[in-house]
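**Q** Here you go, my_file_14.cif (mmCIF, C-alpha atoms):
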```cif
data_model
#
loop_
_atom_site.group_PDB
_atom_site.id
_atom_site.type_symbol
_atom_site.label_atom_id
_atom_site.label_comp_id
_atom_site.auth_asym_id
_atom_site.auth_seq_id
_atom_site.Cartn_x
_atom_site.Cartn_y
_atom_site.Cartn_z
ATOM 1 C CA MET A 34 -14.575 -62.244 11.536
ATOM 2 C CA ASN A 35 -16.590 -62.193 14.747
ATOM 3 C CA ILE A 36 -19.246 -59.616 15.515
ATOM 4 C CA SER A 37 -17.077 -57.609 17.940
ATOM 5 C CA LYS A 38 -14.281 -57.227 15.401
ATOM 6 C CA LEU A 39 -16.821 -56.323 12.694
ATOM 7 C CA LYS A 40 -18.270 -53.558 14.887
ATOM 8 C CA LEU A 41 -14.789 -52.206 15.542
ATOM 9 C CA VAL A 42 -13.960 -52.095 11.810
ATOM 10 C CA ILE A 43 -17.240 -50.309 11.039
ATOM 11 C CA LEU A 44 -16.610 -47.806 13.833
ATOM 12 C CA ILE A 45 -13.107 -47.038 12.484
ATOM 13 C CA MET A 46 -14.467 -46.630 8.936
ATOM 14 C CA VAL A 47 -17.181 -44.238 10.082
ATOM 15 C CA TYR A 48 -14.705 -42.188 12.138
ATOM 16 C CA SER A 49 -12.222 -42.012 9.239
ATOM 17 C CA SER A 50 -14.974 -40.964 6.836
ATOM 18 C CA ALA A 51 -16.158 -38.237 9.194
ATOM 19 C CA SER A 52 -12.607 -36.977 9.697
ATOM 20 C CA SER A 53 -11.995 -36.875 5.936
ATOM 21 C CA ALA A 54 -15.261 -35.025 5.363
ATOM 22 C CA GLN A 55 -14.310 -32.495 8.029
ATOM 23 C CA ASP A 56 -10.873 -31.956 6.437
ATOM 24 C CA ALA A 57 -12.450 -31.517 3.000
ATOM 25 C CA ASN A 58 -15.104 -29.148 4.315
ATOM 26 C CA PRO A 59 -13.507 -26.991 7.000
ATOM 27 C CA GLY A 60 -15.862 -25.076 9.249
ATOM 28 C CA THR A 61 -15.665 -21.545 10.585
ATOM 29 C CA ALA A 62 -13.248 -22.282 13.470
ATOM 30 C CA ASN A 63 -15.346 -19.856 15.566
ATOM 31 C CA LEU A 64 -13.915 -16.951 13.580
ATOM 32 C CA PHE A 65 -17.038 -15.754 11.740
ATOM 33 C CA ASP A 66 -20.632 -16.449 10.765
ATOM 34 C CA GLN A 67 -20.883 -17.274 7.051
ATOM 35 C CA ASN A 68 -24.420 -15.846 6.976
ATOM 36 C CA GLU A 69 -23.047 -12.372 7.757
ATOM 37 C CA LEU A 70 -21.115 -12.096 4.480
ATOM 38 C CA LYS A 71 -22.424 -8.908 2.837
ATOM 39 C CA LEU A 72 -22.213 -7.788 -0.774
ATOM 40 C CA ILE A 73 -21.342 -4.075 -0.862
ATOM 41 C CA ALA A 74 -21.231 -3.449 -4.618
ATOM 42 C CA SER A 75 -20.797 -5.432 -7.822
ATOM 43 C CA ASP A 76 -20.373 -2.961 -10.678
ATOM 44 C CA PHE A 77 -16.576 -2.922 -11.030
ATOM 45 C CA SER A 78 -14.360 -4.536 -13.673
ATOM 46 C CA PHE A 79 -11.692 -6.214 -11.500
ATOM 47 C CA THR A 80 -11.151 -5.173 -7.895
ATOM 48 C CA GLU A 81 -7.794 -5.734 -6.211
ATOM 49 C CA GLY A 82 -5.213 -4.283 -3.847
ATOM 50 C CA CYS A 83 -7.251 -3.483 -0.727
ATOM 51 C CA SER A 84 -5.524 -1.800 2.234
ATOM 52 C CA PRO A 85 -6.864 -0.096 5.376
ATOM 53 C CA ASP A 86 -5.666 3.293 6.583
ATOM 54 C CA LYS A 87 -5.182 4.031 10.291
ATOM 55 C CA GLN A 88 -8.859 4.929 10.686
ATOM 56 C CA GLY A 89 -10.048 1.645 9.167
ATOM 57 C CA ASN A 90 -11.178 3.031 5.806
ATOM 58 C CA VAL A 91 -10.306 0.723 2.913
ATOM 59 C CA PHE A 92 -8.680 1.778 -0.343
ATOM 60 C CA PHE A 93 -8.846 -0.673 -3.249
ATOM 61 C CA THR A 94 -8.100 -0.692 -6.953
ATOM 62 C CA ASP A 95 -10.171 -1.331 -10.053
ATOM 63 C CA GLN A 96 -7.259 -1.915 -12.395
ATOM 64 C CA PRO A 97 -9.015 -2.179 -15.779
ATOM 65 C CA ASN A 98 -10.749 1.146 -15.097
ATOM 66 C CA ASP A 99 -7.516 2.697 -13.736
ATOM 67 C CA LYS A 100 -9.126 3.862 -10.480
ATOM 68 C CA ILE A 101 -8.549 3.667 -6.748
ATOM 69 C CA TRP A 102 -11.689 3.607 -4.614
ATOM 70 C CA LYS A 103 -12.307 4.324 -0.950
ATOM 71 C CA TYR A 104 -14.789 2.424 1.194
ATOM 72 C CA GLY A 105 -15.238 4.431 4.369
ATOM 73 C CA THR A 106 -16.049 3.258 7.872
ATOM 74 C CA ASP A 107 -19.333 5.112 7.308
ATOM 75 C CA GLY A 108 -20.210 2.629 4.558
ATOM 76 C CA LYS A 109 -19.837 5.129 1.733
ATOM 77 C CA LEU A 110 -18.017 4.457 -1.548
ATOM 78 C CA SER A 111 -16.070 7.180 -3.353
ATOM 79 C CA VAL A 112 -13.362 7.470 -5.999
ATOM 80 C CA PHE A 113 -10.028 8.409 -4.421
ATOM 81 C CA MET A 114 -8.005 8.626 -7.644
ATOM 82 C CA GLU A 115 -8.465 8.524 -11.388
ATOM 83 C CA LYS A 116 -5.442 7.659 -13.558
ATOM 84 C CA SER A 117 -3.771 5.501 -10.921
ATOM 85 C CA GLY A 118 -1.008 4.097 -13.113
ATOM 86 C CA ARG A 119 -3.087 0.910 -13.346
ATOM 87 C CA SER A 120 -2.347 0.279 -9.687
ATOM 88 C CA ASN A 121 -2.727 -3.266 -8.434
ATOM 89 C CA GLY A 122 -1.498 -4.153 -4.925
ATOM 90 C CA THR A 123 -1.376 -1.410 -2.269
ATOM 91 C CA TYR A 124 -0.095 -0.841 1.270
ATOM 92 C CA PHE A 125 -0.057 2.175 3.601
ATOM 93 C CA ASP A 126 3.274 3.374 4.936
ATOM 94 C CA ALA A 127 3.820 4.948 8.372
ATOM 95 C CA LYS A 128 3.285 8.459 6.980
ATOM 96 C CA GLY A 129 -0.150 7.637 5.614
ATOM 97 C CA ASN A 130 0.959 7.432 1.993
ATOM 98 C CA LEU A 131 -0.688 4.753 -0.106
ATOM 99 C CA VAL A 132 2.153 2.844 -1.775
ATOM 100 C CA THR A 133 0.941 1.101 -4.919
ATOM 101 C CA CYS A 134 2.172 -1.322 -7.553
ATOM 102 C CA ALA A 135 1.581 0.849 -10.622
ATOM 103 C CA ASP A 136 2.130 -1.747 -13.306
ATOM 104 C CA GLN A 137 1.293 0.425 -16.319
ATOM 105 C CA ASP A 138 4.986 1.334 -16.498
ATOM 106 C CA GLY A 139 6.290 -1.150 -13.920
ATOM 107 C CA GLU A 140 6.670 1.348 -11.075
ATOM 108 C CA LEU A 141 6.060 1.772 -7.354
ATOM 109 C CA TRP A 142 4.131 4.908 -6.392
ATOM 110 C CA ALA A 143 3.640 6.655 -3.061
ATOM 111 C CA ILE A 144 0.319 8.497 -3.182
ATOM 112 C CA LYS A 145 -0.101 11.160 -0.525
ATOM 113 C CA PRO A 146 -3.471 11.766 1.175
ATOM 114 C CA ASP A 147 -4.023 14.770 -1.111
ATOM 115 C CA GLY A 148 -3.479 12.611 -4.200
ATOM 116 C CA LYS A 149 0.019 13.845 -5.078
ATOM 117 C CA VAL A 150 2.175 11.068 -6.549
ATOM 118 C CA ASP A 151 5.846 10.341 -5.904
ATOM 119 C CA VAL A 152 7.385 7.628 -8.098
ATOM 120 C CA ILE A 153 9.655 5.805 -5.660
ATOM 121 C CA LEU A 154 10.893 3.060 -7.995
ATOM 122 C CA LYS A 155 11.044 2.958 -11.796
ATOM 123 C CA ASP A 156 13.340 0.081 -12.784
ATOM 124 C CA TYR A 157 15.863 -2.556 -11.762
ATOM 125 C CA GLN A 158 19.361 -1.717 -12.978
ATOM 126 C CA GLY A 159 17.889 0.037 -15.994
ATOM 127 C CA LYS A 160 15.467 -2.773 -16.852
ATOM 128 C CA GLN A 161 11.695 -2.412 -16.632
ATOM 129 C CA PHE A 162 9.939 -4.608 -14.115
ATOM 130 C CA ASN A 163 7.480 -7.240 -15.348
ATOM 131 C CA GLY A 164 4.663 -5.553 -13.450
ATOM 132 C CA PRO A 165 4.851 -5.096 -9.666
ATOM 133 C CA ASN A 166 1.845 -6.951 -8.302
ATOM 134 C CA ASP A 167 1.652 -6.989 -4.513
ATOM 135 C CA LEU A 168 3.694 -5.515 -1.657
ATOM 136 C CA TRP A 169 4.237 -5.453 2.091
ATOM 137 C CA ILE A 170 5.971 -2.761 4.168
ATOM 138 C CA ASN A 171 7.611 -3.599 7.487
ATOM 139 C CA SER A 172 7.771 -1.359 10.549
ATOM 140 C CA ASN A 173 11.096 0.103 9.395
ATOM 141 C CA GLY A 174 9.585 1.274 6.118
ATOM 142 C CA ASP A 175 11.317 -1.369 3.984
ATOM 143 C CA ILE A 176 9.283 -2.703 1.052
ATOM 144 C CA TYR A 177 9.000 -6.260 -0.251
ATOM 145 C CA PHE A 178 7.158 -6.779 -3.527
ATOM 146 C CA THR A 179 6.394 -9.452 -6.115
ATOM 147 C CA ASP A 180 6.972 -8.952 -9.837
ATOM 148 C CA PRO A 181 5.210 -11.586 -11.970
ATOM 149 C CA TYR A 182 4.629 -11.125 -15.690
ATOM 150 C CA TYR A 183 0.968 -10.855 -16.678
ATOM 151 C CA LYS A 184 0.645 -9.316 -20.117
ATOM 152 C CA ARG A 185 -1.876 -6.457 -20.030
ATOM 153 C CA ASP A 186 -3.951 -5.309 -22.962
ATOM 154 C CA TYR A 187 -3.218 -1.656 -22.069
ATOM 155 C CA TRP A 188 0.567 -2.022 -22.315
ATOM 156 C CA THR A 189 2.368 -0.456 -25.257
ATOM 157 C CA ARG A 190 5.477 -2.626 -24.724
ATOM 158 C CA THR A 191 5.619 -5.831 -26.713
ATOM 159 C CA GLY A 192 8.193 -7.798 -24.730
ATOM 160 C CA LYS A 193 9.747 -8.000 -21.293
ATOM 161 C CA ASP A 194 13.113 -7.017 -19.862
ATOM 162 C CA MET A 195 13.178 -9.527 -17.024
ATOM 163 C CA SER A 196 13.950 -13.200 -17.647
ATOM 164 C CA SER A 197 12.169 -14.427 -14.486
ATOM 165 C CA ASN A 198 9.363 -13.636 -12.046
ATOM 166 C CA ASP A 199 10.962 -12.567 -8.780
ATOM 167 C CA VAL A 200 10.572 -11.001 -5.338
ATOM 168 C CA TYR A 201 12.411 -7.770 -4.451
ATOM 169 C CA TYR A 202 13.412 -5.930 -1.297
ATOM 170 C CA LEU A 203 13.651 -2.140 -1.289
ATOM 171 C CA PRO A 204 15.307 -0.790 1.890
ATOM 172 C CA LYS A 205 13.833 2.473 3.131
ATOM 173 C CA GLY A 206 15.366 5.390 1.225
ATOM 174 C CA ALA A 207 17.162 3.162 -1.295
ATOM 175 C CA LYS A 208 17.078 3.988 -5.006
ATOM 176 C CA GLN A 209 17.441 0.391 -6.204
ATOM 177 C CA PRO A 210 15.941 -2.855 -4.845
ATOM 178 C CA ILE A 211 17.630 -6.154 -4.067
ATOM 179 C CA ARG A 212 16.372 -9.347 -5.695
ATOM 180 C CA VAL A 213 15.722 -11.731 -2.798
ATOM 181 C CA VAL A 214 13.810 -14.620 -4.449
ATOM 182 C CA ASN A 215 14.404 -15.831 -8.001
ATOM 183 C CA ASP A 216 13.278 -19.478 -8.049
ATOM 184 C CA LEU A 217 9.479 -19.222 -8.084
ATOM 185 C CA ASN A 218 7.045 -19.746 -10.926
ATOM 186 C CA THR A 219 4.657 -16.824 -10.446
ATOM 187 C CA PRO A 220 5.042 -15.014 -7.103
ATOM 188 C CA ASN A 221 1.910 -13.037 -6.329
ATOM 189 C CA GLY A 222 0.464 -12.517 -2.830
ATOM 190 C CA ILE A 223 2.874 -11.368 -0.129
ATOM 191 C CA VAL A 224 2.568 -10.469 3.553
ATOM 192 C CA GLY A 225 4.865 -10.344 6.575
ATOM 193 C CA THR A 226 4.391 -10.921 10.295
ATOM 194 C CA PRO A 227 4.086 -7.858 12.582
ATOM 195 C CA ASP A 228 7.343 -8.693 14.371
ATOM 196 C CA GLY A 229 9.207 -8.602 11.062
ATOM 197 C CA LYS A 230 10.546 -12.140 11.447
ATOM 198 C CA TYR A 231 8.760 -13.923 8.621
ATOM 199 C CA LEU A 232 7.556 -13.217 5.098
ATOM 200 C CA TYR A 233 4.896 -15.274 3.323
ATOM 201 C CA VAL A 234 5.024 -15.435 -0.470
ATOM 202 C CA ALA A 235 2.403 -17.193 -2.579
ATOM 203 C CA ASP A 236 3.582 -18.824 -5.793
ATOM 204 C CA ILE A 237 0.209 -18.789 -7.478
ATOM 205 C CA GLY A 238 1.565 -20.381 -10.653
ATOM 206 C CA ALA A 239 2.819 -23.418 -8.735
ATOM 207 C CA GLY A 240 -0.072 -23.568 -6.263
ATOM 208 C CA LYS A 241 2.165 -23.165 -3.217
ATOM 209 C CA THR A 242 2.832 -20.683 -0.410
ATOM 210 C CA TYR A 243 6.229 -20.380 1.250
ATOM 211 C CA ARG A 244 7.458 -18.904 4.507
ATOM 212 C CA TYR A 245 10.831 -17.172 4.625
ATOM 213 C CA SER A 246 12.864 -15.895 7.544
ATOM 214 C CA ILE A 247 13.745 -12.209 7.252
ATOM 215 C CA GLU A 248 17.440 -11.845 8.020
ATOM 216 C CA ALA A 249 19.112 -8.895 9.773
ATOM 217 C CA ASP A 250 20.178 -7.424 6.412
ATOM 218 C CA GLY A 251 16.640 -7.660 5.028
ATOM 219 C CA LYS A 252 17.382 -10.607 2.762
ATOM 220 C CA LEU A 253 15.416 -13.837 2.994
ATOM 221 C CA GLY A 254 16.457 -17.266 4.195
ATOM 222 C CA GLY A 255 15.009 -20.516 5.486
ATOM 223 C CA LYS A 256 12.589 -21.112 2.606
ATOM 224 C CA HIS A 257 9.854 -23.420 3.893
ATOM 225 C CA LEU A 258 6.874 -24.825 2.004
ATOM 226 C CA LEU A 259 4.010 -23.948 4.304
ATOM 227 C CA MET A 260 1.018 -25.030 2.259
ATOM 228 C CA SER A 261 0.123 -26.452 -1.136
ATOM 229 C CA TYR A 262 -2.184 -23.581 -2.010
ATOM 230 C CA GLY A 263 -1.346 -20.513 -4.024
ATOM 231 C CA SER A 264 -3.017 -17.168 -3.458
ATOM 232 C CA ASP A 265 -3.637 -13.793 -4.973
ATOM 233 C CA GLY A 266 -3.796 -11.343 -2.050
ATOM 234 C CA MET A 267 -3.177 -12.436 1.559
ATOM 235 C CA THR A 268 -3.542 -11.129 5.091
ATOM 236 C CA LEU A 269 -2.960 -12.217 8.714
ATOM 237 C CA ASP A 270 -4.957 -12.008 11.915
ATOM 238 C CA GLU A 271 -3.852 -11.542 15.524
ATOM 239 C CA LYS A 272 -3.728 -15.294 16.086
ATOM 240 C CA GLY A 273 -1.210 -15.767 13.303
ATOM 241 C CA ASN A 274 -3.752 -17.288 10.918
ATOM 242 C CA ILE A 275 -3.142 -16.757 7.201
ATOM 243 C CA TYR A 276 -5.959 -15.807 4.828
ATOM 244 C CA LEU A 277 -5.611 -16.875 1.185
ATOM 245 C CA THR A 278 -7.762 -15.782 -1.763
ATOM 246 C CA THR A 279 -8.351 -18.729 -4.071
ATOM 247 C CA GLY A 280 -10.800 -20.275 -6.520
ATOM 248 C CA LYS A 281 -12.300 -22.082 -3.518
ATOM 249 C CA GLY A 282 -13.057 -18.839 -1.708
ATOM 250 C CA VAL A 283 -11.075 -17.474 1.225
ATOM 251 C CA LEU A 284 -9.085 -20.236 2.897
ATOM 252 C CA ILE A 285 -7.905 -19.687 6.470
ATOM 253 C CA LEU A 286 -4.890 -21.650 7.667
ATOM 254 C CA ASN A 287 -3.056 -21.571 10.973
ATOM 255 C CA ALA A 288 0.642 -20.752 11.315
ATOM 256 C CA LYS A 289 1.475 -24.435 10.744
ATOM 257 C CA GLY A 290 -0.223 -24.357 7.350
ATOM 258 C CA GLU A 291 -3.245 -26.407 8.456
ATOM 259 C CA MET A 292 -6.607 -25.348 7.046
ATOM 260 C CA ILE A 293 -9.027 -24.358 9.789
ATOM 261 C CA ALA A 294 -11.830 -22.537 7.968
ATOM 262 C CA GLN A 295 -13.243 -21.541 4.600
ATOM 263 C CA ILE A 296 -15.264 -18.484 3.643
ATOM 264 C CA LYS A 297 -17.534 -19.087 0.671
ATOM 265 C CA VAL A 298 -17.744 -16.072 -1.638
ATOM 266 C CA PRO A 299 -20.120 -15.912 -4.648
ATOM 267 C CA HIS A 300 -17.480 -14.108 -6.741
ATOM 268 C CA GLU A 301 -13.935 -15.493 -6.745
ATOM 269 C CA PRO A 302 -11.869 -13.408 -4.282
ATOM 270 C CA SER A 303 -8.732 -11.601 -5.423
ATOM 271 C CA ASN A 304 -7.536 -9.784 -2.299
ATOM 272 C CA ILE A 305 -8.356 -9.308 1.352
ATOM 273 C CA CYS A 306 -7.696 -7.138 4.398
ATOM 274 C CA PHE A 307 -9.118 -6.331 7.830
ATOM 275 C CA SER A 308 -10.972 -3.021 8.030
ATOM 276 C CA GLY A 309 -13.158 -0.961 10.329
ATOM 277 C CA LYS A 310 -12.325 1.151 13.353
ATOM 278 C CA ASP A 311 -11.402 -1.977 15.340
ATOM 279 C CA LYS A 312 -9.872 -3.948 12.451
ATOM 280 C CA ASP A 313 -12.457 -6.673 12.924
ATOM 281 C CA VAL A 314 -14.288 -6.524 9.596
ATOM 282 C CA LEU A 315 -12.893 -8.578 6.740
ATOM 283 C CA PHE A 316 -12.948 -6.714 3.427
ATOM 284 C CA ILE A 317 -12.844 -8.910 0.329
ATOM 285 C CA THR A 318 -12.264 -7.807 -3.252
ATOM 286 C CA ALA A 319 -13.782 -10.355 -5.611
ATOM 287 C CA ARG A 320 -13.440 -9.570 -9.303
ATOM 288 C CA LYS A 321 -16.458 -7.353 -10.080
ATOM 289 C CA ALA A 322 -17.601 -7.192 -6.466
ATOM 290 C CA ILE A 323 -16.580 -6.270 -2.931
ATOM 291 C CA TYR A 324 -17.788 -7.929 0.281
ATOM 292 C CA THR A 325 -17.495 -7.463 4.036
ATOM 293 C CA LEU A 326 -17.675 -10.018 6.838
ATOM 294 C CA PRO A 327 -17.664 -9.241 10.585
ATOM 295 C CA MET A 328 -14.990 -11.270 12.367
ATOM 296 C CA LYS A 329 -14.400 -12.505 15.910
ATOM 297 C CA VAL A 330 -10.689 -11.825 15.506
ATOM 298 C CA LYS A 331 -8.712 -8.705 14.503
ATOM 299 C CA GLY A 332 -6.251 -8.066 11.716
ATOM 300 C CA VAL A 333 -2.640 -7.010 12.278
ATOM 301 C CA GLU A 334 -1.686 -5.233 9.052
#
```
Could you quickly redo this structure as structure tokens?
**A**
Amino acid sequence: MNISKLKLVILIMVYSSASSAQDANPGTANLFDQNELKLIASDFSFTEGCSPDKQGNVFFTDQPNDKIWKYGTDGKLSVFMEKSGRSNGTYFDAKGNLVTCADQDGELWAIKPDGKVDVILKDYQGKQFNGPNDLWINSNGDIYFTDPYYKRDYWTRTGKDMSSNDVYYLPKGAKQPIRVVNDLNTPNGIVGTPDGKYLYVADIGAGKTYRYSIEADGKLGGKHLLMSYGSDGMTLDEKGNIYLTTGKGVLILNAKGEMIAQIKVPHEPSNICFSGKDKDVLFITARKAIYTLPMKVKGVE
């Protein structure tokens, strides 16, 4: 091999190595400054289910302690509710009610601002749910939620009624949901696009996240494997990027499923949302801790 060809081979090898390193270690994609990640508190048992209200305050759950907390835009922490039905995932509806996955008895609750609880869903055709885990509400008020089985030490039941871990659709005002996905391992995180066209569902047990088309009747079609990463909680930003909570931190992928950035978090993240008056502060629940991170992009939930 002559010298010119040798130089060309070396140049290609160096370029390929650099490209691989960049893929393995994604940067910030000009979305945030890693150094601005801030620990807010770290004395919880297991934080989950964070959702912002219209003012940008965040409500999140500490499931083992059966509490829902509020982190205000003023930076203050306070307990919003004791005895929360062991709520896990949460989402605010258009009326300002905090809808929660109360998995103590496999229910969906709507908690009013004054703390009054309405049980909006108790069972599926007389059978108890595995344990509603995460939910998303579209602009019409329809609810989509995941129902994986994670045996809890506080349950009094010894078995399960459901034979599979599925995704359900509850039309606004309906008394019973419709099963819309029944072929996943362990569906967990779920979030939809603001225009109501697509729904993302993370199969955390299989390490995959799928995109579905939301049909006119609310059912799902066009199942598409978007990325080979599972996730606990998820959120979206105004650019259509998808934020996953994983053992590798918060992974940010574009709408094509390509990883563009990674947020390193000392505690493994479990859920995520955009908060603050301008929806430009990322709020991260991470097991015993909660974190915030200023962003250069806004959330859309």
**Q** Which residue out of A:Asp236, A:Glu81, A:Glu334, A:Asp199 has the minimum interatomic distance to Val213 of chain A when all atoms listed in the file are used?
**A**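 For Val213 of chain A, the nearest of the candidates is A:Asp199.
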**Q** Could you work out how far atom CA of Gly240 of chain A lies from atom CA of Asn63 of chain A, giving the answer in Å with one decimal?
**A**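 Atom-to-atom, atom CA of Asn63 of chain A to atom CA of Gly240 of chain A, that is 26.9 Å.
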**Q** Could you list, as a VMD selection string, every residue matched by the PyMOL selection byres ((chain A and resi 113) around 6) in this structure?
**A** chain A and resid 101 to 103 112 114
**Q** On this structure, the PyMOL selection byres ((chain A and resi 130-144) around 8) would catch which residues? List them as a PyMOL selection string, sorted by chain and number.
**A** chain A and resi 117-129+145-156+161-168+187-188
**Q** Residues within 8 Å of (-18.6, -12.1, 10.6), file coordinates, counting all atoms listed in the file: what are they? Give the list as a VMD selection string.
**A** chain A and resid 64 to 70 314 to 315 326 to 329
**Q** Since we have the selection now, will you write its residues out, keeping C-alpha atoms, as an mmCIF file, keeping the file's coordinate frame?
**A**
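Just written: again07.cif:
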```cif
data_model
loop_
_atom_site.group_PDB
_atom_site.id
_atom_site.type_symbol
_atom_site.label_atom_id
_atom_site.label_comp_id
_atom_site.auth_asym_id
_atom_site.auth_seq_id
_atom_site.Cartn_x
_atom_site.Cartn_y
_atom_site.Cartn_z
ATOM 1 C CA LEU A 64 -13.915 -16.951 13.580
ATOM 2 C CA PHE A 65 -17.038 -15.754 11.740
ATOM 3 C CA ASP A 66 -20.632 -16.449 10.765
ATOM 4 C CA GLN A 67 -20.883 -17.274 7.051
ATOM 5 C CA ASN A 68 -24.420 -15.846 6.976
ATOM 6 C CA GLU A 69 -23.047 -12.372 7.757
ATOM 7 C CA LEU A 70 -21.115 -12.096 4.480
ATOM 8 C CA VAL A 314 -14.288 -6.524 9.596
ATOM 9 C CA LEU A 315 -12.893 -8.578 6.740
ATOM 10 C CA LEU A 326 -17.675 -10.018 6.838
ATOM 11 C CA PRO A 327 -17.664 -9.241 10.585
ATOM 12 C CA MET A 328 -14.990 -11.270 12.367
ATOM 13 C CA LYS A 329 -14.400 -12.505 15.910
#
```
**Q** Kindly compute an axis-aligned box around the listed atoms of segment 117-124 of chain A, allowing 6 Å on each side, and express its centre and edge lengths in Å to one decimal as JSON.
**A**
```
{"center_x": -1.9, "center_y": 0.7, "center_z": -6.0, "size_x": 15.7, "size_y": 21.7, "size_z": 26.6}
```
**Q** May I have the protein, DNA and RNA residues with any atom at most 10 Å from the point (10.2, 0.9, 5.6), counting only C-alpha atoms, written as a PyMOL selection string?
**A** chain A and resi 126-127+169-177+203-206
**Q** Provide the atom CA of Ile293 of chain A to atom CA of Lys71 of chain A distance in Å, to one decimal place.
**A**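 The value is 21.6 Å.
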**Q** Which neighbours of Val234 of chain A fall inside 8 Å, counting all atoms listed in the file, when residues of the same chain fewer than 5 positions from it are skipped, and could you give them as JSON, numbers by chain?
**A** {"A": [220, 221, 222, 223, 224, 242, 243, 244, 245]}
**Q** Which residue out of A:Asn274, A:Thr80, A:Gln158, A:Gln88 has the minimum interatomic distance to Val333 of chain A when all atoms listed in the file are used?
**A**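 Checking each of A:Asn274, A:Thr80, A:Gln158, A:Gln88 against Val333 of chain A, counting all atoms listed in the file, the winner is A:Asn274.
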**Q** I'd like the interatomic distance between atom CA of Leu277 of chain A and atom CA of Asp265 of chain A, to a tenth of an Å.
**A** 7.2 Å
**Q** Which residue out of A:Leu72, A:Met195, A:Val298, A:Val330 has the minimum interatomic distance to Glu271 of chain A when all atoms listed in the file are used?
**A**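 Among the listed residues, the smallest separation from Glu271 of chain A belongs to A:Val330.
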**Q** Between A:Gly332, A:Gly282, A:Gly225, A:Gly273, which has the minimum distance to Cys306 of chain A (counting all atoms listed in the file)?
**A**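 Answer, going by the shortest atom-to-atom distance: A:Gly332.
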**Q** Go through the shown structure with the PyMOL selection byres ((chain A and resi 75-78) around 8) and write out the matching residues as a list in words.
**A**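 Output of the PyMOL selection byres ((chain A and resi 75-78) around 8): Leu72, Ile73, Ala74, Phe79, Thr80, Asp95, Gln96, Pro97, Asn98, Arg320, Lys321, Ala322 and Ile323 of chain A.
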**Q** Could you tell me which of A:Val283, A:Met260, A:Gly192, A:Gly266 comes closest to Cys83 of chain A if we count all atoms listed in the file?
**A**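 Looking at the shortest contact to Cys83 of chain A, the residue is A:Gly266.
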**Q** Which residue is closest to Gly280 of chain A? Choose from A:Pro302, A:Gly255, A:Gly105, A:Pro181 and count only C-alpha atoms.
**A**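 With only C-alpha atoms as the atom set, the closest residue is A:Pro302.
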**Q** Excluding Gly89 of chain A and its own-chain neighbours fewer than 6 positions away, which residues fall within 6 Å of it when counting all atoms listed in the file? Please give them as number ranges by chain.
**A** A: 308-310
